[in-house]
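What follows is the content of upload-v1.txt (compact mmCIF, C-alpha atoms and all ligand atoms).
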```
# COMPACT_ATOMS: atom_id res chain seq x y z
CA MET A 1 -66.18 13.95 3.38
CA LYS A 2 -65.95 15.70 0.03
CA ILE A 3 -63.07 18.14 -0.41
CA SER A 4 -63.11 21.29 -2.50
CA PRO A 5 -59.61 22.81 -2.55
CA SER A 6 -59.47 26.59 -2.89
CA ILE A 7 -56.66 27.19 -5.35
CA ILE A 8 -56.20 30.77 -4.16
CA SER A 9 -53.40 29.42 -1.91
CA SER A 10 -51.77 27.18 -4.51
CA ARG A 11 -48.43 28.10 -6.07
CA LEU A 12 -49.95 29.89 -9.04
CA GLU A 13 -46.76 29.61 -11.08
CA PHE A 14 -47.40 25.83 -10.98
CA LEU A 15 -51.18 26.00 -11.19
CA LYS A 16 -51.72 23.04 -13.56
CA GLU A 17 -49.41 20.80 -11.53
CA GLU A 18 -51.06 21.77 -8.23
CA ILE A 19 -54.51 21.10 -9.75
CA GLU A 20 -53.41 17.69 -11.01
CA LYS A 21 -52.01 16.75 -7.60
CA SER A 22 -55.30 17.78 -5.99
CA VAL A 23 -57.31 15.70 -8.47
CA SER A 24 -55.12 12.61 -7.90
CA ALA A 25 -55.55 13.02 -4.15
CA GLY A 26 -59.33 12.82 -4.55
CA ALA A 27 -60.66 16.40 -4.63
CA SER A 28 -64.30 16.43 -5.67
CA SER A 29 -64.46 20.00 -7.02
CA PHE A 30 -62.40 23.19 -7.00
CA HIS A 31 -63.37 26.33 -5.09
CA LEU A 32 -62.69 29.63 -6.87
CA ASP A 33 -62.55 32.68 -4.63
CA ILE A 34 -63.65 35.55 -6.85
CA MET A 35 -63.15 38.90 -5.09
CA ASP A 36 -63.71 42.39 -6.47
CA GLY A 37 -62.06 44.75 -3.96
CA ASN A 38 -65.54 46.13 -3.09
CA PHE A 39 -67.66 43.43 -1.48
CA VAL A 40 -64.43 42.33 0.21
CA PRO A 41 -61.14 44.24 0.61
CA ASN A 42 -59.19 41.94 -1.71
CA LEU A 43 -58.93 41.46 -5.44
CA THR A 44 -58.36 38.03 -6.99
CA MET A 45 -59.29 36.17 -10.16
CA GLY A 46 -61.23 37.04 -13.29
CA PRO A 47 -62.62 35.00 -16.21
CA ASP A 48 -59.27 34.45 -17.96
CA PHE A 49 -57.87 32.85 -14.83
CA ILE A 50 -60.96 30.59 -14.65
CA ARG A 51 -60.44 29.57 -18.28
CA ALA A 52 -56.89 28.45 -17.40
CA VAL A 53 -58.28 26.36 -14.53
CA ARG A 54 -60.97 24.93 -16.82
CA ARG A 55 -58.29 23.80 -19.28
CA SER A 56 -56.50 22.02 -16.42
CA THR A 57 -59.33 19.87 -15.00
CA ASP A 58 -62.74 18.34 -15.73
CA LEU A 59 -63.83 18.55 -12.08
CA GLU A 60 -66.71 20.82 -11.03
CA LEU A 61 -65.65 24.46 -10.62
CA ASP A 62 -67.47 26.33 -7.86
CA ALA A 63 -67.45 30.13 -8.08
CA HIS A 64 -67.57 31.81 -4.67
CA MET A 65 -68.79 35.23 -5.82
CA MET A 66 -67.45 37.76 -3.31
CA ILE A 67 -68.41 40.63 -5.55
CA LEU A 68 -70.98 43.39 -5.72
CA ASN A 69 -73.61 42.83 -8.39
CA PRO A 70 -73.07 39.08 -8.89
CA GLU A 71 -76.28 39.10 -10.94
CA LYS A 72 -74.44 41.06 -13.63
CA TYR A 73 -71.21 39.05 -13.66
CA TRP A 74 -72.06 35.37 -13.09
CA LYS A 75 -72.65 34.73 -16.82
CA ILE A 76 -69.09 35.79 -17.68
CA PHE A 77 -67.82 33.25 -15.17
CA SER A 78 -70.24 30.66 -16.51
CA SER A 79 -68.89 31.11 -20.06
CA ALA A 80 -65.38 30.82 -18.62
CA GLY A 81 -66.23 27.37 -17.27
CA CYS A 82 -67.71 27.61 -13.76
CA ASP A 83 -70.37 25.02 -12.89
CA LEU A 84 -71.80 26.27 -9.59
CA PHE A 85 -72.33 29.83 -8.34
CA TYR A 86 -72.40 30.87 -4.71
CA PHE A 87 -74.20 34.19 -4.32
CA HIS A 88 -73.73 35.87 -0.95
CA TYR A 89 -76.98 36.37 0.95
CA GLU A 90 -75.53 39.75 1.97
CA THR A 91 -75.46 41.11 -1.61
CA PRO A 92 -78.79 42.22 -3.11
CA PHE A 93 -80.05 40.15 -6.06
CA ASP A 94 -83.30 38.65 -7.36
CA PHE A 95 -82.95 35.05 -6.17
CA HIS A 96 -85.65 33.36 -8.27
CA LYS A 97 -84.71 35.21 -11.45
CA VAL A 98 -81.06 34.26 -11.07
CA ARG A 99 -81.91 30.67 -10.14
CA ASN A 100 -84.04 30.23 -13.27
CA GLU A 101 -81.28 31.65 -15.44
CA ILE A 102 -78.61 29.45 -13.86
CA ARG A 103 -80.83 26.38 -14.20
CA GLY A 104 -81.45 27.40 -17.82
CA GLU A 105 -77.72 27.03 -18.40
CA LYS A 106 -77.84 23.62 -16.64
CA LYS A 107 -75.61 24.92 -13.87
CA LYS A 108 -75.94 24.84 -10.08
CA ILE A 109 -76.76 27.52 -7.51
CA GLY A 110 -75.73 28.00 -3.91
CA ILE A 111 -76.06 30.69 -1.27
CA ALA A 112 -73.14 31.74 0.94
CA ILE A 113 -73.74 33.14 4.42
CA ASN A 114 -71.30 35.26 6.41
CA PRO A 115 -70.45 34.35 10.04
CA ASP A 116 -72.96 36.86 11.44
CA THR A 117 -75.86 36.03 9.12
CA ASP A 118 -78.74 34.17 10.80
CA PRO A 119 -79.36 30.89 8.94
CA ALA A 120 -83.12 31.31 9.58
CA ARG A 121 -83.03 33.94 6.83
CA ILE A 122 -82.29 31.40 4.13
CA LEU A 123 -84.46 28.46 5.27
CA ASP A 124 -87.16 29.29 2.69
CA LEU A 125 -84.59 29.12 -0.10
CA VAL A 126 -83.12 25.73 0.81
CA PRO A 127 -85.49 23.68 -1.41
CA TYR A 128 -84.26 25.67 -4.42
CA LEU A 129 -80.55 25.31 -3.69
CA ASP A 130 -77.91 22.80 -4.71
CA ARG A 131 -75.61 23.83 -1.87
CA ILE A 132 -75.20 26.26 1.02
CA LEU A 133 -71.79 27.72 1.82
CA VAL A 134 -71.42 28.35 5.54
CA MET A 135 -68.58 30.83 6.08
CA THR A 136 -66.49 30.16 9.19
CA VAL A 137 -64.32 33.24 8.55
CA TYR A 138 -65.24 36.69 7.27
CA PRO A 139 -64.69 36.53 3.52
CA GLY A 140 -61.68 38.28 2.01
CA PHE A 141 -58.53 36.33 2.78
CA SER A 142 -57.29 32.78 3.15
CA GLY A 143 -55.30 31.80 6.23
CA GLN A 144 -57.72 33.26 8.81
CA LYS A 145 -58.69 31.63 12.10
CA PHE A 146 -61.78 29.36 12.16
CA ILE A 147 -64.73 30.99 13.97
CA GLU A 148 -66.20 28.08 15.90
CA SER A 149 -69.45 29.84 16.85
CA ALA A 150 -70.26 30.28 13.13
CA SER A 151 -70.12 26.52 12.69
CA ASP A 152 -73.23 26.08 14.89
CA LYS A 153 -75.23 27.06 11.81
CA ILE A 154 -74.24 23.79 10.19
CA SER A 155 -76.30 21.79 12.72
CA ILE A 156 -79.35 24.04 12.25
CA LEU A 157 -79.19 23.70 8.46
CA ARG A 158 -78.46 19.94 8.64
CA LYS A 159 -81.59 19.40 10.74
CA HIS A 160 -83.73 21.49 8.39
CA ILE A 161 -82.45 19.65 5.29
CA ASP A 162 -82.82 16.17 6.80
CA GLU A 163 -86.26 16.76 8.33
CA ASN A 164 -87.61 18.00 5.01
CA GLY A 165 -85.74 15.54 2.79
CA TYR A 166 -84.11 18.28 0.71
CA SER A 167 -81.16 17.40 -1.53
CA CYS A 168 -79.19 20.60 -0.76
CA GLU A 169 -75.62 19.99 0.46
CA ILE A 170 -73.76 21.94 3.15
CA GLU A 171 -70.26 23.17 2.36
CA VAL A 172 -68.08 24.92 4.92
CA ASP A 173 -65.42 27.52 4.09
CA GLY A 174 -62.76 29.19 6.22
CA GLY A 175 -60.01 28.07 8.56
CA ILE A 176 -60.43 24.35 7.89
CA ASP A 177 -57.64 21.96 8.85
CA ALA A 178 -57.53 18.45 10.34
CA ASN A 179 -58.90 19.68 13.71
CA THR A 180 -61.57 22.14 12.60
CA GLY A 181 -62.54 19.73 9.81
CA LYS A 182 -63.53 17.21 12.50
CA ILE A 183 -65.73 19.81 14.19
CA VAL A 184 -67.64 20.68 11.02
CA LYS A 185 -68.01 17.04 10.03
CA LYS A 186 -69.62 16.30 13.38
CA LYS A 187 -72.04 19.17 12.87
CA GLY A 188 -73.14 17.77 9.51
CA ALA A 189 -71.03 19.26 6.71
CA ASP A 190 -71.03 17.40 3.38
CA VAL A 191 -68.16 19.28 1.72
CA ILE A 192 -65.23 21.27 3.08
CA VAL A 193 -63.20 24.00 1.42
CA SER A 194 -59.56 24.44 2.32
CA ALA A 195 -56.89 26.74 0.91
CA SER A 196 -53.94 27.41 3.23
CA TYR A 197 -54.02 24.00 4.94
CA ILE A 198 -53.99 22.00 1.69
CA TYR A 199 -51.55 24.15 -0.26
CA GLY A 200 -49.34 24.99 2.70
CA GLY A 201 -48.00 21.43 2.86
CA ASP A 202 -48.02 18.11 1.00
CA ILE A 203 -51.18 18.41 -1.11
CA GLY A 204 -51.81 14.68 -1.48
CA GLU A 205 -51.27 13.97 2.20
CA ARG A 206 -53.44 16.85 3.42
CA ILE A 207 -56.34 16.13 1.08
CA GLY A 208 -56.08 12.49 2.22
CA ILE A 209 -56.30 13.56 5.88
CA LEU A 210 -59.36 15.75 5.26
CA LYS A 211 -61.10 13.08 3.18
CA SER A 212 -60.76 10.49 5.89
CA LEU A 213 -62.08 12.67 8.76
C1 LIG B 301 -62.18 33.49 2.27
C2 LIG B 301 -62.40 32.49 1.15
C3 LIG B 301 -62.00 31.12 1.51
C4 LIG B 301 -60.53 31.01 1.80
C5 LIG B 301 -60.22 29.78 2.57
O1 LIG B 301 -62.57 34.71 1.80
O2 LIG B 301 -63.76 32.45 0.81
O3 LIG B 301 -62.39 30.19 0.50
O4 LIG B 301 -59.77 31.03 0.61
O5 LIG B 301 -58.92 29.85 3.00
P1 LIG B 301 -58.41 29.01 4.27
O6 LIG B 301 -58.76 27.59 4.01
O7 LIG B 301 -56.96 29.28 4.28
O8 LIG B 301 -59.13 29.59 5.45
ZN ZN B 302 -64.35 30.81 -0.52
```
How does this structure look as structure tokens?
Ligand code: DX5
Ligand code: ZN
Amino acid sequence: MKISPSIISSRLEFLKEEIEKSVSAGASSFHLDIMDGNFVPNLTMGPDFIRAVRRSTDLELDAHMMILNPEKYWKIFSSAGCDLFYFHYETPFDFHKVRNEIRGEKKKIGIAINPDTDPARILDLVPYLDRILVMTVYPGFSGQKFIESASDKISILRKHIDENGYSCEIEVDGGIDANTGKIVKKKGADVIVSASYIYGGDIGERIGILKSL
């Protein structure tokens, strides 16, 4: 299982140290929860924050764009050092235009789907994606309870990807700990995001537990 820690729950006054601990424990990328106070009722990090993260690690930085008009802002986050961009299916944007632009910058694209979004809506896009982000909480805050019914989408997407031989990975975000991590692994997740579980305890130990699920 690949682990993408969401540093939103790290002790930000020790950001570099927390990032280094996560890297030593075997994180495969970092998950950056970018929120604008409009698409979600919370406000988090901007490009200067991302630059500080970029200076602290060479691992892949995944931008979870919980913002209105991601089409306008992704380039600022790309210049700041992000490598992959999750656009929410629920925000309007021109998928193929954005994908071509992101590919032009040799970066990766993913689509995020909210707990009540039908995965059938994105099946046509899967061949063009590097990753899908299945939300198992409503976006906005870390520390929420895992919505088990939303995780059923993982199996549907897994089947679609495997039957068609697509290379797209499935990442799962929201309420993941040692127990819920097992559930999503069984349903076919490739990568899991975790914020409050990893940074609410011993980082090395908790990443180790999630990796070995
Ligand atoms: C929710 C974010 C998640 C969140 C995960 O809006 O997209 O990435 O930070 O936090 P936990 O792991 O605490 O549910
Ligand atoms: Zn996220």
Around the point (-62.9, 24.9, -16.4) (coordinates from the file), which residues reach within 12 Å if we count all atoms listed in the file? Answer as a PyMOL selection string. chain A and resi 16+19+29-32+47-63+77-84
Write the selection just made, keeping C-alpha atoms, as a PDB file, in the frame of the given file?
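Saved to selection_38.pdb:
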```pdb
ATOM      1  CA  LYS A  16     -51.720  23.040 -13.560  1.00  0.00           C
ATOM      2  CA  ILE A  19     -54.510  21.100  -9.750  1.00  0.00           C
ATOM      3  CA  SER A  29     -64.460  20.000  -7.020  1.00  0.00           C
ATOM      4  CA  PHE A  30     -62.400  23.190  -7.000  1.00  0.00           C
ATOM      5  CA  HIS A  31     -63.370  26.330  -5.090  1.00  0.00           C
ATOM      6  CA  LEU A  32     -62.690  29.630  -6.870  1.00  0.00           C
ATOM      7  CA  PRO A  47     -62.620  35.000 -16.210  1.00  0.00           C
ATOM      8  CA  ASP A  48     -59.270  34.450 -17.960  1.00  0.00           C
ATOM      9  CA  PHE A  49     -57.870  32.850 -14.830  1.00  0.00           C
ATOM     10  CA  ILE A  50     -60.960  30.590 -14.650  1.00  0.00           C
ATOM     11  CA  ARG A  51     -60.440  29.570 -18.280  1.00  0.00           C
ATOM     12  CA  ALA A  52     -56.890  28.450 -17.400  1.00  0.00           C
ATOM     13  CA  VAL A  53     -58.280  26.360 -14.530  1.00  0.00           C
ATOM     14  CA  ARG A  54     -60.970  24.930 -16.820  1.00  0.00           C
ATOM     15  CA  ARG A  55     -58.290  23.800 -19.280  1.00  0.00           C
ATOM     16  CA  SER A  56     -56.500  22.020 -16.420  1.00  0.00           C
ATOM     17  CA  THR A  57     -59.330  19.870 -15.000  1.00  0.00           C
ATOM     18  CA  ASP A  58     -62.740  18.340 -15.730  1.00  0.00           C
ATOM     19  CA  LEU A  59     -63.830  18.550 -12.080  1.00  0.00           C
ATOM     20  CA  GLU A  60     -66.710  20.820 -11.030  1.00  0.00           C
ATOM     21  CA  LEU A  61     -65.650  24.460 -10.620  1.00  0.00           C
ATOM     22  CA  ASP A  62     -67.470  26.330  -7.860  1.00  0.00           C
ATOM     23  CA  ALA A  63     -67.450  30.130  -8.080  1.00  0.00           C
ATOM     24  CA  PHE A  77     -67.820  33.250 -15.170  1.00  0.00           C
ATOM     25  CA  SER A  78     -70.240  30.660 -16.510  1.00  0.00           C
ATOM     26  CA  SER A  79     -68.890  31.110 -20.060  1.00  0.00           C
ATOM     27  CA  ALA A  80     -65.380  30.820 -18.620  1.00  0.00           C
ATOM     28  CA  GLY A  81     -66.230  27.370 -17.270  1.00  0.00           C
ATOM     29  CA  CYS A  82     -67.710  27.610 -13.760  1.00  0.00           C
ATOM     30  CA  ASP A  83     -70.370  25.020 -12.890  1.00  0.00           C
ATOM     31  CA  LEU A  84     -71.800  26.270  -9.590  1.00  0.00           C
TER      32      LEU A  84
END
```
Find the residues near segment 188-196 of chain A: any atom within 8 Å, counting all atoms listed in the file, skip ones fewer than 2 places away on the same chain, and give them as a VMD selection string. chain A and resid 1 to 10 31 142 to 143 154 to 155 158 169 to 177 181 184 to 186 198 to 200
Long-range neighbours of Asn38 of chain A as a PyMOL selection string, 10 Å cut-off, all atoms listed in the file, 5 positions minimum in chain: chain A and resi 43+66-68
Give me a file of those residues, with C-alpha atoms, as a PDB file, keeping the file's coordinate frame.
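Final output, selection_6.pdb:
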```pdb
ATOM      1  CA  LEU A  43     -58.930  41.460  -5.440  1.00  0.00           C
ATOM      2  CA  MET A  66     -67.450  37.760  -3.310  1.00  0.00           C
ATOM      3  CA  ILE A  67     -68.410  40.630  -5.550  1.00  0.00           C
ATOM      4  CA  LEU A  68     -70.980  43.390  -5.720  1.00  0.00           C
TER       5      LEU A  68
END
```
Which is closer to ligand ZN 302 (chain B) than all the others in A:Ile111, A:Val23, A:Leu133, A:Cys168, using all atoms listed in the file? A:Leu133
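Considering only C-alpha atoms and all ligand atoms, the residue among A:Tyr166, A:Trp74, A:Phe93, A:Phe39 positioned nearest to ligand LIG 301 (chain B) is A:Phe39.
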Can you measure atom CA of Lys187 of chain A to atom CA of Leu157 of chain A for me? One decimal in Å is fine. 9.5 Å
Could you pull the residues within 9 Å of Lys108 of chain A, counting all atoms listed in the file, minus those fewer than 2 positions along the same chain, as number ranges by chain? A: 62, 83-86, 99, 102-103, 105-106, 110, 129-131
Need to verify the contact set: segment 113-126 of chain A, 8 Å, all atoms listed in the file, exclusion of same-chain residues closer than 2 positions in sequence. Can you return it as a PDB file with C-alpha atoms, in the coordinates of the input?
```pdb
ATOM      1  CA  HIS A  88     -73.730  35.870  -0.950  1.00  0.00           C
ATOM      2  CA  TYR A  89     -76.980  36.370   0.950  1.00  0.00           C
ATOM      3  CA  GLU A  90     -75.530  39.750   1.970  1.00  0.00           C
ATOM      4  CA  ILE A 111     -76.060  30.690  -1.270  1.00  0.00           C
ATOM      5  CA  TYR A 128     -84.260  25.670  -4.420  1.00  0.00           C
ATOM      6  CA  LEU A 129     -80.550  25.310  -3.690  1.00  0.00           C
ATOM      7  CA  ILE A 132     -75.200  26.260   1.020  1.00  0.00           C
ATOM      8  CA  LEU A 133     -71.790  27.720   1.820  1.00  0.00           C
ATOM      9  CA  VAL A 134     -71.420  28.350   5.540  1.00  0.00           C
ATOM     10  CA  MET A 135     -68.580  30.830   6.080  1.00  0.00           C
ATOM     11  CA  THR A 136     -66.490  30.160   9.190  1.00  0.00           C
ATOM     12  CA  VAL A 137     -64.320  33.240   8.550  1.00  0.00           C
ATOM     13  CA  TYR A 138     -65.240  36.690   7.270  1.00  0.00           C
ATOM     14  CA  PRO A 139     -64.690  36.530   3.520  1.00  0.00           C
ATOM     15  CA  ILE A 147     -64.730  30.990  13.970  1.00  0.00           C
ATOM     16  CA  ALA A 150     -70.260  30.280  13.130  1.00  0.00           C
ATOM     17  CA  LYS A 153     -75.230  27.060  11.810  1.00  0.00           C
ATOM     18  CA  ILE A 156     -79.350  24.040  12.250  1.00  0.00           C
ATOM     19  CA  LEU A 157     -79.190  23.700   8.460  1.00  0.00           C
ATOM     20  CA  HIS A 160     -83.730  21.490   8.390  1.00  0.00           C
ATOM     21  CA  ILE A 161     -82.450  19.650   5.290  1.00  0.00           C
ATOM     22  CA  TYR A 166     -84.110  18.280   0.710  1.00  0.00           C
ATOM     23  CA  CYS A 168     -79.190  20.600  -0.760  1.00  0.00           C
TER      24      CYS A 168
END
```
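The gap separating atom ZN of ligand ZN 302 (chain B) from atom CA of Ile34 of chain A is 7.9 Å, in Å to one decimal.
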